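File shown here: my_file-v5.cif, holding mmCIF, C-alpha atoms.
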```cif
data_final
#
loop_
_atom_site.group_PDB
_atom_site.id
_atom_site.type_symbol
_atom_site.label_atom_id
_atom_site.label_comp_id
_atom_site.auth_asym_id
_atom_site.auth_seq_id
_atom_site.Cartn_x
_atom_site.Cartn_y
_atom_site.Cartn_z
ATOM 1 C CA MET D 266 -15.261 3.865 0.647
ATOM 2 C CA LYS D 267 -12.694 5.959 -1.205
ATOM 3 C CA ASN D 268 -8.977 5.250 -0.876
ATOM 4 C CA ASN D 269 -8.425 8.591 0.904
ATOM 5 C CA ASP D 270 -11.075 7.617 3.452
ATOM 6 C CA ILE D 271 -9.391 4.243 3.894
ATOM 7 C CA LEU D 272 -6.019 5.901 4.516
ATOM 8 C CA LYS D 273 -7.532 8.343 7.019
ATOM 9 C CA ASN D 274 -9.248 5.462 8.807
ATOM 10 C CA PHE D 275 -5.969 3.494 9.009
ATOM 11 C CA ALA D 276 -4.117 6.534 10.350
ATOM 12 C CA LEU D 277 -6.782 7.150 12.990
ATOM 13 C CA ARG D 278 -6.758 3.498 14.059
ATOM 14 C CA ALA D 279 -2.948 3.484 14.262
ATOM 15 C CA LYS D 280 -3.018 6.635 16.383
ATOM 16 C CA ASN D 281 -5.584 5.104 18.724
ATOM 17 C CA LYS D 282 -3.481 1.944 19.049
ATOM 18 C CA LEU D 283 -0.430 4.000 19.973
ATOM 19 C CA LEU D 284 -2.432 5.918 22.578
ATOM 20 C CA GLY D 285 -3.881 2.704 24.011
ATOM 21 C CA LYS D 286 -7.411 3.612 22.936
ATOM 22 C CA ASP D 287 -7.877 0.616 20.668
ATOM 23 C CA THR D 288 -11.304 -0.792 21.556
ATOM 24 C CA LYS D 289 -11.243 -3.769 19.212
ATOM 25 C CA ASN D 290 -9.736 -7.055 20.225
ATOM 26 C CA SER D 291 -6.699 -7.904 18.206
ATOM 27 C CA ILE D 292 -7.412 -10.593 15.649
ATOM 28 C CA ASN D 293 -4.782 -12.524 13.743
ATOM 29 C CA VAL D 294 -5.609 -12.402 10.071
ATOM 30 C CA LYS D 295 -3.698 -14.228 7.380
ATOM 31 C CA VAL D 296 -3.170 -12.346 4.147
ATOM 32 C CA LYS D 297 -1.192 -13.605 1.212
ATOM 33 C CA THR D 298 2.189 -11.869 1.192
ATOM 34 C CA ILE D 299 2.906 -9.759 -1.842
ATOM 35 C CA SER D 300 5.754 -11.122 -3.911
ATOM 36 C CA PHE D 301 8.635 -8.746 -4.505
ATOM 37 C CA LYS D 302 9.358 -10.442 -7.850
ATOM 38 C CA ASP D 303 6.596 -8.775 -9.819
ATOM 39 C CA ASP D 304 7.472 -7.335 -13.235
ATOM 40 C CA ALA D 305 4.032 -5.779 -13.770
ATOM 41 C CA PHE D 306 4.269 -3.930 -10.469
ATOM 42 C CA LYS D 307 7.795 -2.776 -11.304
ATOM 43 C CA GLU D 308 6.521 -1.394 -14.621
ATOM 44 C CA LYS D 309 3.812 0.530 -12.752
ATOM 45 C CA VAL D 310 6.443 1.996 -10.417
ATOM 46 C CA GLU D 311 8.586 3.034 -13.400
ATOM 47 C CA TYR D 312 5.529 4.635 -14.977
ATOM 48 C CA LEU D 313 4.834 6.533 -11.734
ATOM 49 C CA MET D 314 8.425 7.717 -11.491
ATOM 50 C CA ASP D 315 8.358 8.991 -15.067
ATOM 51 C CA ARG D 316 5.034 10.779 -14.603
ATOM 52 C CA GLU D 317 5.082 11.768 -10.935
ATOM 53 C CA ASN D 318 3.404 15.139 -11.588
ATOM 54 C CA GLU D 319 0.538 13.586 -13.569
ATOM 55 C CA ILE D 320 -0.705 10.972 -11.085
ATOM 56 C CA PHE D 321 -2.241 12.395 -7.923
ATOM 57 C CA ASN D 322 -2.924 9.169 -6.019
ATOM 58 C CA PRO D 323 -0.089 6.707 -6.658
ATOM 59 C CA MET D 324 -1.280 4.160 -4.086
ATOM 60 C CA HIS D 325 -4.652 3.941 -5.802
ATOM 61 C CA PHE D 326 -2.797 3.410 -9.084
ATOM 62 C CA LEU D 327 -0.729 0.559 -7.578
ATOM 63 C CA MET D 328 -3.445 -1.235 -5.616
ATOM 64 C CA ASP D 329 -5.924 -3.703 -7.081
ATOM 65 C CA ASP D 330 -9.439 -2.283 -6.571
ATOM 66 C CA LYS D 331 -11.151 -5.654 -7.028
ATOM 67 C CA LEU D 332 -8.971 -7.247 -4.378
ATOM 68 C CA LEU D 333 -9.348 -4.274 -2.055
ATOM 69 C CA LYS D 334 -13.153 -4.585 -2.125
ATOM 70 C CA THR D 335 -12.985 -8.213 -0.963
ATOM 71 C CA LEU D 336 -10.800 -7.553 2.100
ATOM 72 C CA ASP D 337 -11.899 -6.654 5.613
ATOM 73 C CA SER D 338 -10.386 -3.630 7.361
ATOM 74 C CA GLU D 339 -7.436 -5.526 8.888
ATOM 75 C CA GLN D 340 -6.586 -7.102 5.548
ATOM 76 C CA LYS D 341 -6.924 -3.745 3.767
ATOM 77 C CA GLU D 342 -4.509 -2.176 6.215
ATOM 78 C CA ARG D 343 -1.973 -4.972 5.727
ATOM 79 C CA TYR D 344 -2.401 -4.833 1.928
ATOM 80 C CA LEU D 345 -1.803 -1.068 1.930
ATOM 81 C CA LEU D 346 1.320 -1.345 4.067
ATOM 82 C CA GLU D 347 2.717 -4.197 1.952
ATOM 83 C CA THR D 348 2.024 -2.216 -1.226
ATOM 84 C CA ILE D 349 3.852 0.811 0.179
ATOM 85 C CA ASP D 350 6.807 -1.368 1.185
ATOM 86 C CA LYS D 351 6.888 -3.021 -2.216
ATOM 87 C CA TYR D 352 6.701 0.370 -3.957
ATOM 88 C CA LEU D 353 9.633 1.724 -1.943
ATOM 89 C CA ARG D 354 11.762 -1.355 -2.683
ATOM 90 C CA PHE D 355 11.125 -1.136 -6.410
ATOM 91 C CA LYS D 356 11.629 2.631 -6.443
ATOM 92 C CA ASN D 357 15.032 2.239 -4.795
ATOM 93 C CA GLU D 358 15.946 -0.578 -7.180
ATOM 94 C CA ILE D 359 14.958 1.469 -10.248
ATOM 95 C CA THR D 360 16.787 4.561 -8.944
ATOM 96 C CA MET D 361 19.954 2.494 -8.505
ATOM 97 C CA GLU D 362 19.600 0.979 -11.991
ATOM 98 C CA ARG D 363 19.154 4.403 -13.560
ATOM 99 C CA SER D 364 22.133 5.920 -11.754
ATOM 100 C CA CYS D 365 24.536 3.282 -13.107
#
```

Will you turn the file into structure tokens for me?
Amino acid sequence: MKNNDILKNFALRAKNKLLGKDTKNSINVKVKTISFKDDAFKEKVEYLMDRENEIFNPMHFLMDDKLLKTLDSEQKERYLLETIDKYLRFKNEITMERSC
């Protein structure tokens, strides 16, 4: 499944949950929390910021494809949301560093 398809699926599931149309039982799944002290990830974010017009799918660039293939749909959703949160934190941090 392509990353765009995964994102569309997550958006559709979120919409259905908000509308009360969620047919699946909620399952608690434990996923390792992404550390916000990650120099390699920060370097990727800096690279994205410097070349924002060259990279068309930044989330695909930031996410680990091997890890993504091993996760079920709930874990994929959580991994995507944590990656987005981590990206935004690093982007804000880098923007503040560059403005000083």

Counting all atoms listed in the file, the option among D:Ala305, D:Leu313, D:Leu272, D:Leu277 closest to D:Leu346
D:Leu272

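When atom CA of D:Glu317 is paired with atom CA of D:Lys334, their separation reads 26.0 Å.
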
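The interatomic distance for the pair atom CA of D:Glu308 and atom CA of D:Asp330 works out to 17.9 Å.
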
Hey, what's within 8 Å of D:Leu327 if we count only C-alpha atoms and toss same-chain stuff fewer than 6 positions away? As a PyMOL selection string, please?
chain D and resi 306+309-310+348

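For the structure shown here, the set of residues caught by the PyMOL selection byres ((chain D and resi 269) around 12) is D:Met266, D:Lys267, D:Asn268, D:Asp270, D:Ile271, D:Leu272, D:Lys273, D:Asn274, D:Phe275, D:Ala276, D:Phe321, D:Asn322, D:Pro323, D:Met324, D:His325, D:Leu345.
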
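The two atoms in question, atom CA of D:Lys351 and atom CA of D:Leu284, are spaced 28.0 Å apart.
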
Between D:Asp329, D:Glu311, D:Glu319, D:Glu362, which one has atoms that come closest to D:Tyr344, using all atoms listed in the file?
D:Asp329
